[in-house]
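J.: One structure is given below, represented as structure tokens, and several questions about it will come after.
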Amino acid sequence: MPLFPDLRMRRLRKSHAIRSLVRESQLDVGDLIFPLFIVEGKGIKQEISAMPGIFHFSIDRLAAEVDELSRLRIPAVLLFGVVNNKDEIGSPALDPEGVVQQAVRAIKKAAPQMIVVTDICLCEYTSHGHCGVVVNGDVDNDSTLPLLARMALSHASSGADIVAPSDMMDGRVRTIREALDNNSFNHIPILSYAAKYASAFYGPFREAAGSTPQFGDRRSYQMDPPNVREAIREIEEDINEGADIVMVKPALAYLDVISKARESFNCPLAAYNVSGEYAMVKAAASRGWIDEKRVILEILGSIKRAGADIIISYHAREAAAWLAEQA
Ligand code: PBG
């Protein structure tokens, strides 16, 4: 290796053109998934207070939104349902006329090429806000599995392209895979939230989805933040059970986990740039403390550089517009 003065790293940073020539990773609009929150009712497009620029949509307002997302070349959306009447076992999640089921049909009708991914988890539908069935004060793994499988089937029957379990029960990928395969949905991929941490960065989402646990927390099923070897075991478990795409969540405080997962596995890797990460940027930007556009593109770029193929982000819409300007 040559040393200075033979080596001058700055030679390759001289101009935009040369920087672009030697650039190692590139953010592409085709890698982005935009989350959408669907509510009951009509004529609703209401901003979520802790997530400026992100809205609750009723079904009738979705077509205009997905038209705009298609125009921006965003390839995929991730749907979350927000419902009023919840029960102990989250049965509104299974309703063929539920908000997500209806939303899937509405989006596929308005924009057939849009990839519709649905979140599979009970927490938005249970009265206690936990991601599974509660038995003796504990979130019971095995009795939750058939409900998740029925939810995934219901979404697939409505036309969902990909199902994305985010509950962190053991064995759910296998149970969902079997249910899909036994009901002629063997072509539907599973995007598993494989390494999902018990994170404080989900705060704004829980307000948006009305899914804050009414007692306790999610630490008995979501991962402990200091662990990384455990994340590799979680991902391995899900791949072995049949996951087609695996995810690390959140993204920013877990870039090392993304990078390690990238080195360890060859299947497509997603990362979720979550609600709290979004809210921090928006709060600082609204005070003029950071250059919003540059910070967002740098954040999304860092997730790509760490090794994610797919990025789920509330910034997807604005980032897509900026990427189009640059192209
Ligand atoms: C449901 C779910 C959560 C998120 C995605 N799916 C919340 C949670 O686990 O509490 C968080 C997304 C975000 O913060 O943007 N289990």
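Quick note on naming: the chains in the structure tokens go A, B, ... in the order shown, residues restart at 1 in each chain, and ligands are numbered from 1 in order of appearance.
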Tell me which protein, DNA and RNA residues are within 7 Å of Ser166 in chain A, counting only C-alpha atoms, leaving out same-chain ones fewer than 2 positions away, and put them as number ranges by chain.

T.: A: 119-121, 164, 168, 192-193

J.: Using only C-alpha atoms and all ligand atoms, find each protein or nucleic acid residue lying at most 10 Å from ligand 1; present the set as a PyMOL selection string.

T.: chain A and resi 35+51+78-80+118-124+129-132+164-168+193+196-213+217-218+221-222+249-250+272-279+312-314

J.: Just the residues within 10 Å of Gln26 in chain A, please, counting only C-alpha atoms, with nothing from its chain fewer than 4 positions along; format it as a list in words.

T.: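 Close residues of Gln26 in chain A: Ser20, Leu300, Gly301, Ser302, Lys304 and Arg305 of chain A.
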
J.: Quick one: contact table of range 261-297 of chain A to range 320-326 of chain A, 12 Å max, nearest atom pair and distance in Å to one decimal per residue, counting only C-alpha atoms, chain and number order, as CSV?

T.:
residue,atom,partner,partner_atom,distance
A:Glu292,CA,A:Trp322,CA,11.6
A:Lys293,CA,A:Trp322,CA,8.0
A:Arg294,CA,A:Trp322,CA,10.0
A:Ile296,CA,A:Trp322,CA,10.2
A:Leu297,CA,A:Trp322,CA,8.7

J.: To one decimal place in Å, what is the distance between CA of Ser70 in chain A and CA of Val116 in chain A?

T.: 12.2 Å

J.: What lies within 8 Å of Ile310 in chain A using only C-alpha atoms, ignoring chain neighbours under 5 positions off, as a PyMOL selection string?

T.: chain A and resi 31-33+268-271+304

J.: From the options A:Ala106, A:Val246, A:Val99, A:Leu153, which residue's atoms come nearest to Val66 in chain A, counting only C-alpha atoms?

T.: A:Ala106

J.: Name the residues in contact with Asp87 in chain A at a cut-off of 7 Å, using only C-alpha atoms, excluding same-chain residues fewer than 4 positions from it; report them as a PyMOL selection string.

T.: chain A and resi 91+125-127
